[in-house]
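Source file: structure_29.pdb (PDB, C-alpha atoms)
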```pdb
MODEL        1
ATOM      1  CA  MET A 750     101.767 101.234  89.120
ATOM      2  CA  SER A 751     101.253 104.604  87.588
ATOM      3  CA  GLU A 752     103.098 106.159  90.503
ATOM      4  CA  ALA A 753     106.163 104.127  89.556
ATOM      5  CA  ALA A 754     106.302 105.972  86.279
ATOM      6  CA  SER A 755     105.986 109.408  87.829
ATOM      7  CA  HIS A 756     109.646 109.493  88.852
ATOM      8  CA  PRO A 757     109.133 111.029  92.315
ATOM      9  CA  GLY A 758     112.865 111.085  93.035
ATOM     10  CA  ASP A 759     113.159 114.051  90.668
ATOM     11  CA  GLY A 760     110.954 116.330  92.803
ATOM     12  CA  GLY A 761     112.556 119.752  92.743
ATOM     13  CA  ALA A 762     110.992 121.027  95.985
ATOM     14  CA  LEU A 763     112.110 118.036  97.979
ATOM     15  CA  PRO A 764     115.299 117.845 100.040
ATOM     16  CA  GLU A 765     118.240 116.313  98.260
ATOM     17  CA  LEU A 766     119.168 112.884  99.514
ATOM     18  CA  THR A 767     122.914 113.190  99.828
ATOM     19  CA  TYR A 768     125.090 110.346 101.029
ATOM     20  CA  ASP A 769     125.562 112.045 104.413
ATOM     21  CA  ARG A 770     121.793 112.317 104.891
ATOM     22  CA  ILE A 771     121.172 108.612 104.383
ATOM     23  CA  VAL A 772     120.528 106.912 107.726
ATOM     24  CA  VAL A 773     120.999 103.181 108.057
ATOM     25  CA  GLY A 774     117.752 101.619 109.271
ATOM     26  CA  GLU A 775     115.546 104.378 107.896
ATOM     27  CA  VAL A 776     112.689 103.496 105.545
ATOM     28  CA  TYR A 777     112.939 105.482 102.297
ATOM     29  CA  ALA A 778     109.978 104.007 100.460
ATOM     30  CA  ASP A 779     106.812 102.524 101.893
ATOM     31  CA  ARG A 780     103.952 102.456  99.463
ATOM     32  CA  GLU A 781     101.133 100.377  98.148
ATOM     33  CA  ILE A 782     101.128  99.695  94.452
ATOM     34  CA  GLU A 783      98.226  98.461  92.415
ATOM     35  CA  ILE A 784      99.446  96.161  89.706
ATOM     36  CA  SER A 785      97.312  97.016  86.733
ATOM     37  CA  PRO A 786      97.264  94.417  83.947
ATOM     38  CA  ALA A 787      98.039  97.169  81.445
ATOM     39  CA  ALA A 788     101.124  98.307  83.350
ATOM     40  CA  ALA A 789     102.311  94.734  83.738
ATOM     41  CA  ALA A 790     101.850  94.155  80.016
ATOM     42  CA  SER A 791     103.671  97.387  79.166
ATOM     43  CA  TYR A 792     106.619  96.395  81.331
ATOM     44  CA  ALA A 793     106.717  92.887  79.846
ATOM     45  CA  ALA A 794     106.648  94.302  76.312
ATOM     46  CA  SER A 795     109.547  96.650  77.058
ATOM     47  CA  ILE A 796     111.841  93.756  77.904
ATOM     48  CA  GLY A 797     110.462  91.301  75.355
ATOM     49  CA  ALA A 798     108.970  89.010  77.990
ATOM     50  CA  LYS A 799     106.629  86.319  76.734
ATOM     51  CA  GLU A 800     104.593  86.277  79.936
ATOM     52  CA  SER A 801     103.283  88.985  82.200
ATOM     53  CA  PRO A 802     104.063  90.005  84.862
ATOM     54  CA  ALA A 803     107.771  89.549  84.266
ATOM     55  CA  PHE A 804     110.128  88.125  86.905
ATOM     56  CA  LEU A 805     111.816  91.417  87.799
ATOM     57  CA  MET A 806     108.894  93.820  87.407
ATOM     58  CA  ALA A 807     108.680  94.574  91.112
ATOM     59  CA  ALA A 808     112.450  94.977  91.378
ATOM     60  CA  SER A 809     112.199  97.885  88.952
ATOM     61  CA  TRP A 810     110.113  99.736  91.540
ATOM     62  CA  THR A 811     112.962  99.718  94.083
ATOM     63  CA  VAL A 812     115.251 102.091  92.170
ATOM     64  CA  PRO A 813     115.778 105.159  94.428
ATOM     65  CA  ARG A 814     115.030 107.764  91.738
ATOM     66  CA  VAL A 815     111.832 105.886  90.959
ATOM     67  CA  SER A 816     110.545 105.153  94.440
ATOM     68  CA  PHE A 817     111.848 107.652  97.028
ATOM     69  CA  SER A 818     108.913 110.042  97.002
ATOM     70  CA  LYS A 819     110.010 112.235  99.933
ATOM     71  CA  TRP A 820     113.465 112.989  98.600
ATOM     72  CA  ARG A 821     115.090 114.355  95.511
ATOM     73  CA  VAL A 822     117.601 111.700  94.561
ATOM     74  CA  PRO A 823     120.491 113.217  92.619
ATOM     75  CA  PRO A 824     121.147 111.745  89.173
ATOM     76  CA  GLY A 825     124.312 109.885  88.359
ATOM     77  CA  GLY A 826     124.101 106.984  90.814
ATOM     78  CA  ILE A 827     125.619 103.755  89.574
ATOM     79  CA  HIS A 828     123.860 100.474  90.163
ATOM     80  CA  ALA A 829     126.620  98.183  91.390
ATOM     81  CA  ARG A 830     124.936  95.024  92.638
ATOM     82  CA  GLN A 831     121.446  93.518  92.771
ATOM     83  CA  THR A 832     119.982  90.534  94.514
ATOM     84  CA  TRP A 833     116.399  89.444  94.084
ATOM     85  CA  LYS A 834     114.560  86.471  95.527
ATOM     86  CA  SER A 835     111.041  85.640  94.429
ATOM     87  CA  PHE A 836     108.839  83.743  96.868
ATOM     88  CA  ARG A 837     105.647  83.848  94.845
ATOM     89  CA  ARG A 838     104.613  85.334  91.574
ATOM     90  CA  ILE A 839     102.925  88.714  91.726
ATOM     91  CA  VAL A 840      99.401  88.817  90.395
ATOM     92  CA  PRO A 841      97.979  91.597  88.207
ATOM     93  CA  ALA A 842      94.943  93.488  89.485
ATOM     94  CA  THR A 843      96.069  93.146  93.105
ATOM     95  CA  ARG A 844      97.750  95.546  95.503
ATOM     96  CA  VAL A 845     101.178  94.972  96.969
ATOM     97  CA  ARG A 846     103.217  96.830  99.581
ATOM     98  CA  LEU A 847     106.818  97.759  98.946
ATOM     99  CA  ARG A 848     109.186  98.925 101.670
ATOM    100  CA  THR A 849     112.764  99.959 101.052
ATOM    101  CA  THR A 850     115.192 100.460 103.930
ATOM    102  CA  ALA A 851     118.788 101.630 103.994
ATOM    103  CA  LYS A 852     120.625  98.550 105.208
ATOM    104  CA  GLU A 853     124.264  99.587 105.010
ATOM    105  CA  LYS A 854     126.615 102.405 104.048
ATOM    106  CA  PHE A 855     130.266 101.921 103.292
ATOM    107  CA  GLU A 856     133.154 103.393 101.379
ATOM    108  CA  ALA A 857     135.360 101.379  99.054
ATOM    109  CA  LYS A 858     138.305 102.974  97.273
ATOM    110  CA  SER A 859     137.042 106.358  98.549
ATOM    111  CA  ARG A 860     133.692 105.803  96.847
ATOM    112  CA  PRO A 861     130.420 105.958  98.839
ATOM    113  CA  TYR A 862     128.101 102.977  98.553
ATOM    114  CA  VAL A 863     124.627 102.391  99.971
ATOM    115  CA  VAL A 864     122.821  99.070 100.241
ATOM    116  CA  PHE A 865     119.021  99.276 100.184
ATOM    117  CA  GLU A 866     116.877  96.317 101.169
ATOM    118  CA  SER A 867     113.407  96.037  99.646
ATOM    119  CA  VAL A 868     110.595  93.778 100.768
ATOM    120  CA  LEU A 869     107.470  93.181  98.711
ATOM    121  CA  GLU A 870     104.353  91.818 100.421
ATOM    122  CA  ASP A 871     100.845  90.985  99.318
ATOM    123  CA  GLU A 872      97.729  92.462 100.899
ATOM    124  CA  ALA A 873      97.813  89.807 103.631
ATOM    125  CA  GLY A 874     101.373  90.726 104.561
ATOM    126  CA  GLU A 875     102.825  87.566 103.061
ATOM    127  CA  PRO A 876     106.223  88.012 101.376
ATOM    128  CA  LEU A 877     106.314  88.012  97.603
ATOM    129  CA  ALA A 878     109.920  88.990  96.997
ATOM    130  CA  ARG A 879     112.959  90.472  98.667
ATOM    131  CA  GLY A 880     116.018  92.117  97.210
ATOM    132  CA  GLU A 881     119.067  94.242  97.868
ATOM    133  CA  MET A 882     120.379  96.999  95.661
ATOM    134  CA  THR A 883     123.893  98.373  96.080
ATOM    135  CA  VAL A 884     124.341 101.854  94.657
ATOM    136  CA  LEU A 885     127.494 103.908  94.182
ATOM    137  CA  TRP A 886     125.911 107.070  95.484
ATOM    138  CA  PRO A 887     126.286 110.234  93.399
ATOM    139  CA  LYS A 888     128.254 113.116  94.911
TER     140      LYS A 888
ATOM    141  CA  MET B 391     122.395  69.963  84.287
ATOM    142  CA  LYS B 392     123.198  71.607  80.997
ATOM    143  CA  GLU B 393     124.064  75.121  79.901
ATOM    144  CA  LEU B 394     121.152  77.406  79.062
ATOM    145  CA  GLY B 395     121.225  79.515  75.934
ATOM    146  CA  PRO B 396     122.992  81.451  74.629
ATOM    147  CA  PHE B 397     120.528  84.174  73.768
ATOM    148  CA  SER B 398     121.454  87.367  71.913
ATOM    149  CA  TRP B 399     119.678  90.606  71.199
ATOM    150  CA  THR B 400     120.557  94.149  70.223
ATOM    151  CA  VAL B 401     119.793  96.937  72.651
ATOM    152  CA  THR B 402     118.090  99.879  70.977
ATOM    153  CA  GLN B 403     117.208 103.388  72.105
ATOM    154  CA  GLN B 404     113.596 102.456  71.384
ATOM    155  CA  GLN B 405     113.804  99.604  73.888
ATOM    156  CA  ILE B 406     115.493 101.881  76.448
ATOM    157  CA  ASP B 407     112.765 104.489  75.973
ATOM    158  CA  GLY B 408     110.069 101.827  76.257
ATOM    159  CA  TYR B 409     111.542 100.537  79.488
ATOM    160  CA  ALA B 410     111.856 104.093  80.816
ATOM    161  CA  ALA B 411     108.174 104.669  80.203
ATOM    162  CA  ALA B 412     107.118 101.348  81.696
ATOM    163  CA  ALA B 413     109.400 101.341  84.740
ATOM    164  CA  GLY B 414     109.845 105.053  85.408
ATOM    165  CA  ALA B 415     113.607 104.774  84.882
ATOM    166  CA  ASN B 416     113.867 107.925  82.790
ATOM    167  CA  ASP B 417     117.130 109.403  84.002
ATOM    168  CA  PRO B 418     118.642 111.574  81.223
ATOM    169  CA  ILE B 419     121.630 109.261  81.104
ATOM    170  CA  HIS B 420     119.238 106.738  79.555
ATOM    171  CA  VAL B 421     116.802 108.783  77.507
ATOM    172  CA  ASP B 422     118.577 111.932  76.305
ATOM    173  CA  PRO B 423     120.743 110.978  73.304
ATOM    174  CA  VAL B 424     121.259 114.616  72.316
ATOM    175  CA  GLY B 425     122.317 115.761  75.766
ATOM    176  CA  ARG B 426     124.549 112.740  76.184
ATOM    177  CA  ALA B 427     126.205 112.996  72.769
ATOM    178  CA  ARG B 428     129.460 114.445  74.140
ATOM    179  CA  ALA B 429     129.582 111.737  76.798
ATOM    180  CA  GLY B 430     129.391 108.896  74.310
ATOM    181  CA  GLY B 431     125.618 108.655  74.178
ATOM    182  CA  THR B 432     123.066 107.063  76.410
ATOM    183  CA  ILE B 433     123.375 103.806  78.292
ATOM    184  CA  ALA B 434     120.737 101.158  78.899
ATOM    185  CA  GLN B 435     119.189 100.830  82.331
ATOM    186  CA  GLY B 436     120.998  98.073  84.196
ATOM    187  CA  MET B 437     117.644  96.743  85.372
ATOM    188  CA  LEU B 438     116.487  96.533  81.766
ATOM    189  CA  VAL B 439     119.394  94.282  80.818
ATOM    190  CA  LEU B 440     118.957  92.237  84.000
ATOM    191  CA  ALA B 441     115.236  91.850  83.330
ATOM    192  CA  VAL B 442     115.968  90.457  79.862
ATOM    193  CA  MET B 443     118.441  88.046  81.458
ATOM    194  CA  ALA B 444     115.802  86.892  83.958
ATOM    195  CA  GLU B 445     113.304  86.293  81.173
ATOM    196  CA  PHE B 446     115.967  84.357  79.273
ATOM    197  CA  VAL B 447     116.143  81.976  82.253
ATOM    198  CA  ALA B 448     112.351  81.674  82.330
ATOM    199  CA  ASN B 449     112.261  80.833  78.640
ATOM    200  CA  SER B 450     115.195  78.405  78.750
ATOM    201  CA  VAL B 451     114.071  76.045  81.503
ATOM    202  CA  PRO B 452     111.347  73.424  81.075
ATOM    203  CA  ASN B 453     109.182  74.942  83.811
ATOM    204  CA  GLY B 454     109.496  78.711  83.671
ATOM    205  CA  ALA B 455     106.671  79.171  86.158
ATOM    206  CA  ALA B 456     108.769  77.583  88.911
ATOM    207  CA  TRP B 457     111.566  80.050  88.185
ATOM    208  CA  ARG B 458     109.160  82.975  88.389
ATOM    209  CA  GLU B 459     107.785  81.704  91.708
ATOM    210  CA  GLY B 460     110.991  80.762  93.488
ATOM    211  CA  GLY B 461     114.102  81.836  91.600
ATOM    212  CA  SER B 462     116.758  84.232  92.808
ATOM    213  CA  LEU B 463     119.547  86.354  91.386
ATOM    214  CA  ASP B 464     122.761  87.859  92.737
ATOM    215  CA  VAL B 465     124.596  89.918  90.123
ATOM    216  CA  ARG B 466     127.065  92.740  89.742
ATOM    217  CA  PHE B 467     126.801  95.424  87.091
ATOM    218  CA  ARG B 468     130.239  95.489  85.513
ATOM    219  CA  ALA B 469     129.948  97.812  82.502
ATOM    220  CA  PRO B 470     127.283  99.857  80.734
ATOM    221  CA  ALA B 471     125.458  98.660  77.625
ATOM    222  CA  ARG B 472     124.859 101.181  74.862
ATOM    223  CA  PRO B 473     122.244 101.349  72.116
ATOM    224  CA  GLY B 474     123.321  99.364  69.072
ATOM    225  CA  GLU B 475     125.311  96.844  71.068
ATOM    226  CA  ARG B 476     124.493  93.184  70.630
ATOM    227  CA  LEU B 477     124.423  91.411  73.976
ATOM    228  CA  THR B 478     124.623  87.696  74.670
ATOM    229  CA  VAL B 479     123.318  85.961  77.788
ATOM    230  CA  ARG B 480     124.588  82.638  79.030
ATOM    231  CA  ALA B 481     123.851  80.499  82.053
ATOM    232  CA  ALA B 482     126.030  77.521  82.941
ATOM    233  CA  PRO B 483     125.937  75.227  85.954
ATOM    234  CA  SER B 484     128.234  76.707  88.560
ATOM    235  CA  PRO B 485     130.945  74.688  90.276
ATOM    236  CA  GLN B 486     128.916  75.476  93.384
ATOM    237  CA  SER B 487     126.229  73.233  91.937
ATOM    238  CA  ASP B 488     127.976  70.237  93.457
ATOM    239  CA  GLU B 489     127.513  71.680  96.922
ATOM    240  CA  PRO B 490     124.351  71.103  98.947
ATOM    241  CA  ARG B 491     121.484  72.812  97.176
ATOM    242  CA  PRO B 492     119.795  75.280  99.495
ATOM    243  CA  GLU B 493     116.049  75.404  99.150
ATOM    244  CA  GLY B 494     116.110  72.821  96.379
ATOM    245  CA  CYS B 495     117.890  75.068  93.898
ATOM    246  CA  ALA B 496     120.692  74.648  91.389
ATOM    247  CA  THR B 497     123.242  77.423  91.080
ATOM    248  CA  TYR B 498     124.063  78.740  87.616
ATOM    249  CA  ASP B 499     126.687  81.271  86.604
ATOM    250  CA  LEU B 500     124.737  83.920  84.736
ATOM    251  CA  SER B 501     126.404  86.481  82.501
ATOM    252  CA  CYS B 502     125.763  88.992  79.780
ATOM    253  CA  GLU B 503     128.497  90.324  77.519
ATOM    254  CA  ASN B 504     128.792  92.385  74.366
ATOM    255  CA  ASP B 505     130.390  91.311  71.107
ATOM    256  CA  ALA B 506     133.724  92.699  72.283
ATOM    257  CA  GLY B 507     133.661  90.226  75.156
ATOM    258  CA  VAL B 508     133.086  92.879  77.797
ATOM    259  CA  LYS B 509     131.060  91.544  80.705
ATOM    260  CA  ILE B 510     128.055  93.813  81.246
ATOM    261  CA  ILE B 511     126.458  91.881  84.115
ATOM    262  CA  ALA B 512     127.713  88.758  85.878
ATOM    263  CA  GLY B 513     126.661  86.731  88.869
ATOM    264  CA  THR B 514     124.609  83.738  89.838
ATOM    265  CA  ALA B 515     121.050  82.532  89.441
ATOM    266  CA  ARG B 516     119.581  80.007  91.839
ATOM    267  CA  ILE B 517     117.099  78.061  89.804
ATOM    268  CA  PRO B 518     114.547  75.876  91.612
ATOM    269  CA  LEU B 519     115.008  72.219  90.723
ATOM    270  CA  ALA B 520     111.306  72.166  89.889
ATOM    271  CA  ALA B 521     112.049  74.644  87.070
ATOM    272  CA  LEU B 522     114.631  72.303  85.572
ATOM    273  CA  SER B 523     112.435  69.239  85.414
ATOM    274  CA  THR B 524     109.702  68.599  82.909
TER     275      THR B 524
ENDMDL
END
```
Translate this structure into structure tokens?
Amino acid sequence: MSEAASHPGDGGALPELTYDRIVVGEVYADREIEISPAAAASYAASIGAKESPAFLMAASWTVPRVSFSKWRVPPGGIHARQTWKSFRRIVPATRVRLRTTAKEKFEAKSRPYVVFESVLEDEAGEPLARGEMTVLWPK
Amino acid sequence: MKELGPFSWTVTQQQIDGYAAAAGANDPIHVDPVGRARAGGTIAQGMLVLAVMAEFVANSVPNGAAWREGGSLDVRFRAPARPGERLTVRAAPSPQSDEPRPEGCATYDLSCENDAGVKIIAGTARIPLAALST
């Protein structure tokens, strides 16, 4: 979890992930995350959740500027749409694997959009959650 | 099925900063009030507002655990929320609820708006029937 807070998408020495460089089908994040009870509690407290881990905790890890460790994601993207389906509750003190793939690119009203699909699995490879994030990509 | 909520809270810069630290969502647009002063100030992370909405569902149904284990969301971010704004979340059975319920879920229209009536986030939540029964 600590890596989620390190904001890798800001890395100055990394190549900038422009809209033209995004390739549909390419995996942009593939990492294992250890869900520490402290991190889960911190996240729950920040949104006023009564129980930890909160429903959307793992979805927060899919944000490009948070999770794309091999690219510098330019600031200014606008989160346009989000889907999230939970199959099972994530459990603190376990490791999960998160993969995020570019699913689609399109332009609407001359604006560039990217749809990223994220899949969260437990250590046995069983699905925990799946979601799609549509981003108006920054120019 | 009955409407859930409403639930209201006021977004604060402290909450935005806390979420930034916990989730890594520390883009200056969220956490730099001084730098953003000429642009109208900071805005809350969309995922922060959505996370509060998801917890509202968990707290409003009889069996929140079933929501956490099998619920789903499909929402659009319509407008930014700014520190100091009071937001209200509502969830009402959707007209789609009369259609066949995929995966044993009920569809609710889920929305969050500010006191001016501006929709911040709107979409649907598919709530497992097990979450709605005691």
Item to complete: Would you translate the PyMOL selection byres ((chain B and resi 471-478) around 9) into the concrete set of residues it matches in this file, as a VMD selection string?
Response: chain B and resid 395 to 406 430 to 436 439 469 to 470 479 to 480 501 to 505 510
Fill in: Polymer residues at most 10 Å from range 831-844 of chain A, all atoms listed in the file, same-chain spacing of 6 or more positions, as a PyMOL selection string
(chain A and resi 750+781-790+801-808+864-873+875-884) or (chain B and resi 436-437+440+455-467+513-516)
Fill in: A:Pro764, A:Gly774, A:Gly874, A:Pro824 ranked by distance to chain B, top pick (using only C-alpha atoms)
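So, comparing all the options, the nearest one is A:Pro824.
Interatomic distance, CA of Pro518 in chain B to CA of Tyr409 in chain B: 27.6 Å.
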Worksheet entry | Gap from CA of Lys819 in chain A to CA of Gly408 in chain B - Å, one decimal |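 One can read the CA of Lys819 in chain A to CA of Gly408 in chain B distance as 25.9 Å.
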Fill in: Matched chain/residue IDs from the PyMOL selection byres ((chain A and resi 848) around 8), as a ChimeraX atom specification
/A:776-780,846-847,849-850,867-869
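Considering only C-alpha atoms, the residue among B:Ala413, B:Val424, B:Ala482, B:Met391 positioned nearest to chain A is B:Ala413.
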Worksheet entry | Between CA of Ala512 in chain B and CA of Thr767 in chain A, distance in Å (one decimal) | 28.5 Å
Fill in: Residue nearest chain B - candidates A:Phe855, A:Tyr768, A:Tyr862, A:Tyr792, atoms counted: only C-alpha atoms
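Selected residue with least distance to chain B: A:Tyr792.
Once the PyMOL selection byres ((chain B and resi 417) around 9) is applied to this file, the selection holds His756, Arg814, Pro824 and Gly825 of chain A; Ala410, Gly414, Ala415, Asn416, Pro418, Ile419, His420, Val421, Asp422 and Gln435 of chain B.
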Keeping just N, CA and C atoms, export range 430-457 of chain B of this structure as an mmCIF file, in the first residue's frame.
```cif
data_model
loop_
_atom_site.group_PDB
_atom_site.id
_atom_site.type_symbol
_atom_site.label_atom_id
_atom_site.label_comp_id
_atom_site.auth_asym_id
_atom_site.auth_seq_id
_atom_site.Cartn_x
_atom_site.Cartn_y
_atom_site.Cartn_z
ATOM 1 N N GLY B 430 -9.957 29.509 -8.707
ATOM 2 C CA GLY B 430 -11.163 29.216 -7.936
ATOM 3 C C GLY B 430 -10.948 28.250 -6.799
ATOM 4 N N GLY B 431 -9.690 27.904 -6.555
ATOM 5 C CA GLY B 431 -9.385 27.013 -5.427
ATOM 6 C C GLY B 431 -9.272 25.570 -5.848
ATOM 7 N N THR B 432 -9.095 24.733 -4.861
ATOM 8 C CA THR B 432 -8.919 23.307 -5.137
ATOM 9 C C THR B 432 -10.283 22.649 -5.386
ATOM 10 N N ILE B 433 -10.205 21.420 -5.867
ATOM 11 C CA ILE B 433 -11.413 20.607 -5.991
ATOM 12 C C ILE B 433 -11.151 19.262 -5.313
ATOM 13 N N ALA B 434 -12.208 18.656 -4.844
ATOM 14 C CA ALA B 434 -12.084 17.343 -4.193
ATOM 15 C C ALA B 434 -11.797 16.272 -5.245
ATOM 16 N N GLN B 435 -11.078 15.243 -4.837
ATOM 17 C CA GLN B 435 -10.877 14.101 -5.715
ATOM 18 C C GLN B 435 -12.240 13.460 -6.003
ATOM 19 N N GLY B 436 -12.494 13.177 -7.272
ATOM 20 C CA GLY B 436 -13.757 12.528 -7.609
ATOM 21 C C GLY B 436 -13.911 11.196 -6.898
ATOM 22 N N MET B 437 -12.789 10.470 -6.754
ATOM 23 C CA MET B 437 -12.850 9.171 -6.089
ATOM 24 C C MET B 437 -13.114 9.301 -4.588
ATOM 25 N N LEU B 438 -12.764 10.449 -4.030
ATOM 26 C CA LEU B 438 -13.099 10.695 -2.624
ATOM 27 C C LEU B 438 -14.617 10.803 -2.475
ATOM 28 N N VAL B 439 -15.228 11.631 -3.304
ATOM 29 C CA VAL B 439 -16.682 11.804 -3.217
ATOM 30 C C VAL B 439 -17.389 10.482 -3.503
ATOM 31 N N LEU B 440 -16.906 9.758 -4.518
ATOM 32 C CA LEU B 440 -17.530 8.473 -4.854
ATOM 33 C C LEU B 440 -17.367 7.462 -3.715
ATOM 34 N N ALA B 441 -16.231 7.491 -3.058
ATOM 35 C CA ALA B 441 -16.003 6.568 -1.942
ATOM 36 C C ALA B 441 -16.968 6.850 -0.797
ATOM 37 N N VAL B 442 -17.224 8.129 -0.527
ATOM 38 C CA VAL B 442 -18.205 8.478 0.510
ATOM 39 C C VAL B 442 -19.592 7.981 0.099
ATOM 40 N N MET B 443 -19.905 8.116 -1.186
ATOM 41 C CA MET B 443 -21.204 7.635 -1.676
ATOM 42 C C MET B 443 -21.328 6.123 -1.487
ATOM 43 N N ALA B 444 -20.250 5.397 -1.773
ATOM 44 C CA ALA B 444 -20.278 3.935 -1.632
ATOM 45 C C ALA B 444 -20.451 3.527 -0.178
ATOM 46 N N GLU B 445 -19.816 4.269 0.722
ATOM 47 C CA GLU B 445 -19.979 3.968 2.145
ATOM 48 C C GLU B 445 -21.382 4.323 2.622
ATOM 49 N N PHE B 446 -21.961 5.363 2.035
ATOM 50 C CA PHE B 446 -23.354 5.706 2.344
ATOM 51 C C PHE B 446 -24.259 4.512 2.032
ATOM 52 N N VAL B 447 -24.039 3.860 0.892
ATOM 53 C CA VAL B 447 -24.843 2.681 0.551
ATOM 54 C C VAL B 447 -24.628 1.595 1.606
ATOM 55 N N ALA B 448 -23.372 1.348 1.944
ATOM 56 C CA ALA B 448 -23.066 0.303 2.931
ATOM 57 C C ALA B 448 -23.763 0.557 4.260
ATOM 58 N N ASN B 449 -23.831 1.825 4.635
ATOM 59 C CA ASN B 449 -24.418 2.168 5.936
ATOM 60 C C ASN B 449 -25.939 2.264 5.899
ATOM 61 N N SER B 450 -26.514 2.305 4.701
ATOM 62 C CA SER B 450 -27.959 2.526 4.576
ATOM 63 C C SER B 450 -28.749 1.247 4.366
ATOM 64 N N VAL B 451 -28.076 0.174 3.991
ATOM 65 C CA VAL B 451 -28.785 -1.088 3.760
ATOM 66 C C VAL B 451 -28.678 -1.954 5.013
ATOM 67 N N PRO B 452 -29.623 -2.883 5.176
ATOM 68 C CA PRO B 452 -29.586 -3.728 6.380
ATOM 69 C C PRO B 452 -28.332 -4.597 6.478
ATOM 70 N N ASN B 453 -27.821 -5.029 5.334
ATOM 71 C CA ASN B 453 -26.660 -5.928 5.341
ATOM 72 C C ASN B 453 -25.537 -5.326 4.493
ATOM 73 N N GLY B 454 -24.805 -4.410 5.114
ATOM 74 C CA GLY B 454 -23.741 -3.716 4.389
ATOM 75 C C GLY B 454 -22.644 -4.639 3.894
ATOM 76 N N ALA B 455 -22.442 -5.747 4.596
ATOM 77 C CA ALA B 455 -21.387 -6.681 4.190
ATOM 78 C C ALA B 455 -21.667 -7.243 2.802
ATOM 79 N N ALA B 456 -22.935 -7.498 2.503
ATOM 80 C CA ALA B 456 -23.285 -8.051 1.186
ATOM 81 C C ALA B 456 -23.018 -7.033 0.083
ATOM 82 N N TRP B 457 -23.212 -5.770 0.388
ATOM 83 C CA TRP B 457 -22.871 -4.713 -0.581
ATOM 84 C C TRP B 457 -21.367 -4.695 -0.832
#
```
